[in-house]
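Enquirer: Okay, here's the structure, questions in a sec.
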Amino acid sequence: MTAVTDTGHTPLAPAARTTRAWRVIGRYGSLGMLGILVAIVAALAPTTFATSDNVINILNQSALSAVIAMGLTFALVTGEFDLSIGNIAGLSGVLACKLIVDAGASIPAAFAVAVGVGAAIGLLNGFIVTVLNVNALVATLGVGTMAVGVNYAVADGRPVGLKDPDDFLAISLGRFLGIPYPVWIMIVLAAVLWLLLNRTVLGQSMQAVGGNPVAARLSGIRVERVRVVGFMICGTLAGLTGVLLATRTAGASVSAGDSYLLSAFAAAFFGSAVLRDGQFHIVGTLVGVITVAVGFNAIALIGMETYWQYLFQGLLLIIGVGVGTVARRKTAGA
Amino acid sequence: MRRHVKIGSAIAAAVMTTTTAACGGAVSAKAGGDSYTVGIVRFASSDPASESILDAYVDYAEKKGWSVSSVDSQGAPDKAISGIGNYVQKKVDLIVIAIFPSDTLAAGVRQAKGAGIPVVSVGGGTTEGVQVSLDFGRSNAKETGKLLTDDLGNEGDVLLLGYKSGLPCVGREQEVEDRLKATSIHVTRKEVPIPGQVEAGSEFTRAWLTTHPAGKGKLAIWGCFGDPARGAISALQAAGRKDVLVYGHDGTPAAIEAVRRGDLRATSYFDPTAEGARLGALTPEFVTEGTNAKPRDLAPTMYLVTPENVTEFLKVFPKALG
């Protein structure tokens, strides 16, 4: 009896260890990359990188990208895409500034309208995808292009600057406990969105819809409604990002939000390899955004050539997600 | 699962330890004597005018032994502001930004001013905290605008390819619009997106040509920078049209070659090497004057390059062809 047990376990032990090792790499590899990056840059630029001021600086730079990427995470969690987020951000920023400059609106009112427009565009995206059954890639591309058209109609393509931007700028430049407001906004939103996604029926439904929409429908979840809510959250946060960006630039322009599209997707996909097996989630997205910001910061502080910026962004995404994928494949049969 | 949490915690702790270990240990990296630390925030690698000036500036600085860092904001103001913030952390002696209207980088510029770091703009204009700007906007279009109206006389049709988000283009457009207002020339304006400027120039031209057939008066296309004009030329070649004059700016190697072939009526050129070196030579002055210097615009020397003078031009600027 004893002999049988021994021969049964001895050959399996190394395989089990390997599987466990791959599982750890799959879940913590991306986080490890961030740790290694921080350690390397701290060693190369010890007097400028690893300072409390620079940590706050990196978080401040991450804030807006994090807000829009966390919104995108909701669309991705439900199994959809949203290519209109950059255009929504551009439009909401221009709308907020135009309302203040031309209509004399107060900052809160302008904010509310601009963010509301973001939510409405999200609703439109959701409607087109769920009711008209248009593929999300096509629908959001079309809606985003329409948003650009509206933007040109509103601003005539010209940047909209505020005459007396101090109150507006204070939203970006102001601090509470030494930490800029945008960082607080990012932290609070991350906490709220994490709770929404992981601790509410709606959040669980979203994850169920993204995981297996047929099973979700059979279990009584209103799949279309959940998807629409995902698009609305995505649009709302893209709108919020646009107005926050306007408070940073003391104005807005048609194309100001364009760059958020790729960076948000990159952060969300990188984040899907953080702590979980290829699932989109808030903490992962946050780690993805901060990792990119650390890299951008490092390139400036170390004084690397500009091409490293592109190499870094591309490599980060491929290695981060690639390692996770390989790890999942290695552990799949275990 | 508990083991995973422990490993995760260990990694996080290592990261935090590495980060906090050196906290508070920041020492000014400000160089003394004749050596400077300069941070450059580029607009986009697709903007040849500012890129060539900044490359020349970097060459000058490296020859002087200065430390220069560059980041590409990829046309995103948020990234540009982040870049300025990073250079403030680095405590550079001077920050050079490109193209973005200086007003739109307010959060970053104020941060730099607060840290006592002067900011110089290449093409973005002056504002509080940006005391010096190399202006290649309006001045760049004086000669091309004059040639355009001289060529067309008082009548004809012009397709104007503009870009309102970039200050140099806004200035150039104002210059040519002011000239055209005094004539009976009809203007069709189209906003060119970046990226996609070459293709947009080509598409707008193709559409415009259908409503402007050959033999229906004098026709011209004016691009506020080189790429849309390049797109227009490709559309004209595809349509087999030789009756439309095309004007461009920035004098890129492709534009100079197009002038030499006779495809481009004119481009305005400034010597990026000279302008970059000029900014380099003025750097000690910028640093000494600091953030409270008197605002001033530096105007580059412009050359109008046409098929009539391109041979002579290339004798003076052989590197203009790349």
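If you're wondering about the labels, chains in the structure tokens are A, B, ... by order shown, residues count from 1 in each chain, ligands from 1 in order shown.
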Could you pull out all residues of region 172-333 of chain A with a DSSP call of helix (DSSP H, G or I) and give them as JSON, numbers by chain?

Expert: {"A": [172, 173, 181, 182, 183, 184, 185, 186, 187, 188, 189, 190, 191, 192, 193, 194, 195, 196, 197, 198, 199, 201, 202, 203, 204, 205, 206, 207, 208, 209, 210, 211, 213, 214, 215, 216, 217, 218, 223, 224, 225, 226, 227, 228, 229, 230, 231, 232, 233, 234, 235, 236, 237, 238, 239, 240, 241, 242, 243, 244, 245, 246, 247, 248, 249, 260, 261, 262, 263, 264, 265, 266, 267, 268, 269, 270, 271, 282, 283, 284, 285, 286, 287, 288, 289, 290, 291, 292, 293, 294, 295, 296, 297, 298, 299, 300, 301, 302, 307, 308, 309, 310, 311, 312, 313, 314, 315, 316, 317, 318, 319, 320, 321, 322, 323, 324, 325, 326, 327, 328, 329, 330, 331, 332]}

Enquirer: If we count only C-alpha atoms, what is near region 198-209 of chain A at a cut-off of 9 Å, once residues fewer than 2 positions away on the same chain are taken out, given as a VMD selection string?

Expert: chain A and resid 74 to 75 77 to 79 193 to 196 211 to 217 221 to 223 226 to 227 229 to 230

Enquirer: Ranking B:Glu177, B:Glu203, B:Asp135, B:Asp103 by minimum distance to chain A and counting only C-alpha atoms, which one comes first?

Expert: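 Counting only C-alpha atoms, the residue closest to chain A is B:Asp103.
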
Enquirer: Of the residues B:Ala44, B:Val310, B:Ile84, B:Leu161, which is the one nearest to Val176 (chain B), using only C-alpha atoms?

Expert: B:Leu161

Enquirer: Should the cut-off be 8 Å, what would the residue list for chain A against chain B look like, counting only C-alpha atoms, as a ChimeraX atom specification?

Expert: /A:24,28,31-32,35,38-39,42,46-54,57,61,157-159,161,169,172-173,245,248-259,296-297,299-306,309

Enquirer: Please produce a file of the residues just selected, as a CSV table (one decimal), in the first residue's frame, where the atoms kept are N, CA and C atoms.

Expert:
```
chain,number,residue,atom,x,y,z
A,24,VAL,N,1.9,31.4,-10.5
A,24,VAL,CA,2.4,32.6,-9.8
A,24,VAL,C,2.9,33.6,-10.8
A,28,TYR,N,1.3,37.2,-11.0
A,28,TYR,CA,2.1,38.3,-10.4
A,28,TYR,C,3.2,38.8,-11.3
A,31,LEU,N,2.9,42.5,-12.1
A,31,LEU,CA,3.2,43.3,-10.9
A,31,LEU,C,4.7,43.3,-10.7
A,32,GLY,N,5.3,42.1,-10.9
A,32,GLY,CA,6.7,41.9,-10.8
A,32,GLY,C,7.5,42.9,-11.7
A,35,GLY,N,7.5,46.2,-10.4
A,35,GLY,CA,8.5,46.2,-9.3
A,35,GLY,C,9.9,46.3,-9.8
A,38,VAL,N,10.5,49.8,-11.3
A,38,VAL,CA,10.7,50.8,-10.2
A,38,VAL,C,12.1,50.6,-9.6
A,39,ALA,N,12.6,49.4,-9.4
A,39,ALA,CA,13.9,49.2,-8.8
A,39,ALA,C,15.0,49.6,-9.7
A,42,ALA,N,15.0,53.4,-9.9
A,42,ALA,CA,15.4,54.0,-8.6
A,42,ALA,C,16.9,53.9,-8.5
A,46,PRO,N,18.6,57.8,-8.6
A,46,PRO,CA,18.3,57.7,-7.1
A,46,PRO,C,17.8,59.0,-6.5
A,47,THR,N,18.4,60.1,-7.0
A,47,THR,CA,18.0,61.4,-6.3
A,47,THR,C,16.8,62.1,-6.9
A,48,THR,N,16.3,61.6,-8.0
A,48,THR,CA,15.1,62.2,-8.6
A,48,THR,C,13.9,61.3,-8.7
A,49,PHE,N,14.1,60.0,-8.9
A,49,PHE,CA,13.0,59.1,-9.1
A,49,PHE,C,12.3,58.7,-7.8
A,50,ALA,N,13.0,58.2,-6.9
A,50,ALA,CA,12.4,57.7,-5.7
A,50,ALA,C,12.3,58.7,-4.6
A,51,THR,N,11.5,59.8,-4.9
A,51,THR,CA,11.3,60.8,-3.9
A,51,THR,C,9.7,60.9,-3.8
A,52,SER,N,9.3,61.4,-2.7
A,52,SER,CA,7.9,61.4,-2.4
A,52,SER,C,7.2,62.4,-3.4
A,53,ASP,N,7.9,63.5,-3.8
A,53,ASP,CA,7.4,64.4,-4.8
A,53,ASP,C,7.1,63.7,-6.1
A,54,ASN,N,8.1,62.9,-6.5
A,54,ASN,CA,8.0,62.2,-7.8
A,54,ASN,C,6.9,61.1,-7.8
A,57,ASN,N,3.9,63.0,-8.3
A,57,ASN,CA,3.9,63.4,-9.7
A,57,ASN,C,3.5,62.3,-10.6
A,61,GLN,N,0.1,62.2,-12.9
A,61,GLN,CA,0.1,62.0,-14.3
A,61,GLN,C,-0.8,60.8,-14.7
A,157,GLY,N,-13.3,73.7,-34.7
A,157,GLY,CA,-12.0,73.1,-34.8
A,157,GLY,C,-11.0,73.9,-34.0
A,158,ARG,N,-11.3,75.1,-33.5
A,158,ARG,CA,-10.4,75.9,-32.8
A,158,ARG,C,-10.3,75.5,-31.3
A,159,PRO,N,-9.1,75.6,-30.7
A,159,PRO,CA,-8.9,75.4,-29.3
A,159,PRO,C,-9.8,76.4,-28.6
A,161,GLY,N,-10.1,78.5,-25.3
A,161,GLY,CA,-9.3,78.8,-24.1
A,161,GLY,C,-10.2,79.7,-23.1
A,169,LEU,N,-8.3,76.1,-13.3
A,169,LEU,CA,-7.0,75.4,-13.1
A,169,LEU,C,-6.8,74.9,-11.7
A,172,SER,N,-7.2,71.2,-11.0
A,172,SER,CA,-6.1,70.3,-11.3
A,172,SER,C,-4.9,70.6,-10.4
A,173,LEU,N,-4.7,71.9,-10.1
A,173,LEU,CA,-3.5,72.3,-9.4
A,173,LEU,C,-3.7,72.3,-7.9
A,245,LEU,N,-9.3,67.0,-18.1
A,245,LEU,CA,-8.2,67.4,-18.9
A,245,LEU,C,-8.3,68.9,-19.2
A,248,ARG,N,-6.7,71.0,-16.7
A,248,ARG,CA,-5.3,70.9,-16.7
A,248,ARG,C,-4.7,71.8,-17.8
A,249,THR,N,-5.4,71.9,-18.9
A,249,THR,CA,-4.9,72.7,-20.0
A,249,THR,C,-5.5,74.1,-20.1
A,250,ALA,N,-6.4,74.4,-19.1
A,250,ALA,CA,-7.0,75.7,-19.1
A,250,ALA,C,-7.8,76.0,-20.4
A,251,GLY,N,-8.3,75.0,-21.0
A,251,GLY,CA,-9.0,75.1,-22.3
A,251,GLY,C,-9.2,73.7,-22.9
A,252,ALA,N,-9.7,73.6,-24.1
A,252,ALA,CA,-9.9,72.3,-24.7
A,252,ALA,C,-9.7,72.4,-26.2
A,253,SER,N,-9.5,71.3,-26.8
A,253,SER,CA,-9.4,71.3,-28.3
A,253,SER,C,-10.0,70.0,-28.8
A,254,VAL,N,-10.3,70.0,-30.0
A,254,VAL,CA,-11.0,68.9,-30.6
A,254,VAL,C,-10.3,67.5,-30.4
A,255,SER,N,-9.0,67.6,-30.6
A,255,SER,CA,-8.3,66.3,-30.6
A,255,SER,C,-7.6,66.0,-29.3
A,256,ALA,N,-7.9,66.8,-28.2
A,256,ALA,CA,-7.2,66.7,-27.0
A,256,ALA,C,-7.3,65.3,-26.4
A,257,GLY,N,-8.4,64.6,-26.5
A,257,GLY,CA,-8.6,63.3,-25.9
A,257,GLY,C,-8.2,62.1,-26.7
A,258,ASP,N,-7.8,62.4,-27.9
A,258,ASP,CA,-7.5,61.2,-28.9
A,258,ASP,C,-6.5,60.2,-28.3
A,259,SER,N,-5.5,60.7,-27.7
A,259,SER,CA,-4.4,59.8,-27.3
A,259,SER,C,-4.9,58.8,-26.2
A,296,PHE,N,7.2,56.4,-18.6
A,296,PHE,CA,7.3,57.8,-19.2
A,296,PHE,C,8.1,58.7,-18.3
A,297,ASN,N,7.9,58.6,-17.0
A,297,ASN,CA,8.7,59.3,-16.0
A,297,ASN,C,10.1,59.0,-16.1
A,299,ILE,N,11.9,57.6,-18.5
A,299,ILE,CA,12.6,58.1,-19.7
A,299,ILE,C,13.0,59.5,-19.6
A,300,ALA,N,12.2,60.4,-19.0
A,300,ALA,CA,12.5,61.8,-18.8
A,300,ALA,C,13.6,61.9,-17.8
A,301,LEU,N,13.5,61.2,-16.7
A,301,LEU,CA,14.5,61.4,-15.6
A,301,LEU,C,15.9,60.8,-16.0
A,302,ILE,N,15.9,59.7,-16.6
A,302,ILE,CA,17.2,59.0,-17.0
A,302,ILE,C,17.8,59.7,-18.2
A,303,GLY,N,16.9,60.3,-19.0
A,303,GLY,CA,17.4,61.0,-20.2
A,303,GLY,C,17.6,60.0,-21.4
A,304,MET,N,16.7,59.1,-21.5
A,304,MET,CA,16.8,58.1,-22.6
A,304,MET,C,16.4,58.7,-23.9
A,305,GLU,N,16.8,58.1,-25.0
A,305,GLU,CA,16.3,58.6,-26.3
A,305,GLU,C,14.8,58.4,-26.5
A,306,THR,N,14.2,59.3,-27.3
A,306,THR,CA,12.8,59.3,-27.4
A,306,THR,C,12.2,57.9,-27.9
A,309,GLN,N,10.6,55.4,-25.6
A,309,GLN,CA,9.2,55.6,-25.2
A,309,GLN,C,8.3,54.6,-25.9
```

Enquirer: Would you mind listing what lies within 6 Å of region 137-141 of chain B as a list in words, with only C-alpha atoms counted and same-chain residues fewer than 2 positions away left out?

Expert: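 The neighbour list is Asp135, Glu143, Thr144, Gly145, Pro168, Gly171, Arg172 and Glu175 of chain B.
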
Enquirer: Skipping near chain neighbours, those fewer than 3 positions away, what residues fall within 8 Å of Gly288 (chain A) using only C-alpha atoms, listed as a VMD selection string?

Expert: chain A and resid 266 to 271 284 to 285 291 to 292

Enquirer: Which polymer residues have any atom within 9 Å of an atom of Leu160 (chain B), counting only C-alpha atoms, with same-chain residues fewer than 4 positions away left out, as a VMD selection string?

Expert: chain B and resid 173 187 to 191 220 to 224

Enquirer: Using the chain letters and numbers from this document, which residues of region 79-269 of chain B does DSSP assign to strand (DSSP E), as an MDAnalysis selection string?

Expert: chainID B and resid 94:98 119:122 130:134 157:162 186:191 219:223 244:249 266:269

Enquirer: Taking 2 positions as the minimum chain separation for residues in the same chain, which residues sit within 7 Å of Gly242 (chain A) when counting only C-alpha atoms? Answer as a ChimeraX atom specification.

Expert: /A:89-90,92-93,238-240,244-246,257

Enquirer: Mind giving me the straight-line distance from CA of Thr311 (chain B) to CA of Arg260 (chain B) in Å, one decimal?

Expert: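 We find that CA of Thr311 (chain B) and CA of Arg260 (chain B) lie 7.8 Å from each other.
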
Enquirer: For Ile185 (chain B), work out the shell of residues within 9 Å, counting only C-alpha atoms and skipping chain neighbours fewer than 6 positions away, then give it as number ranges by chain.

Expert: B: 149, 152-158
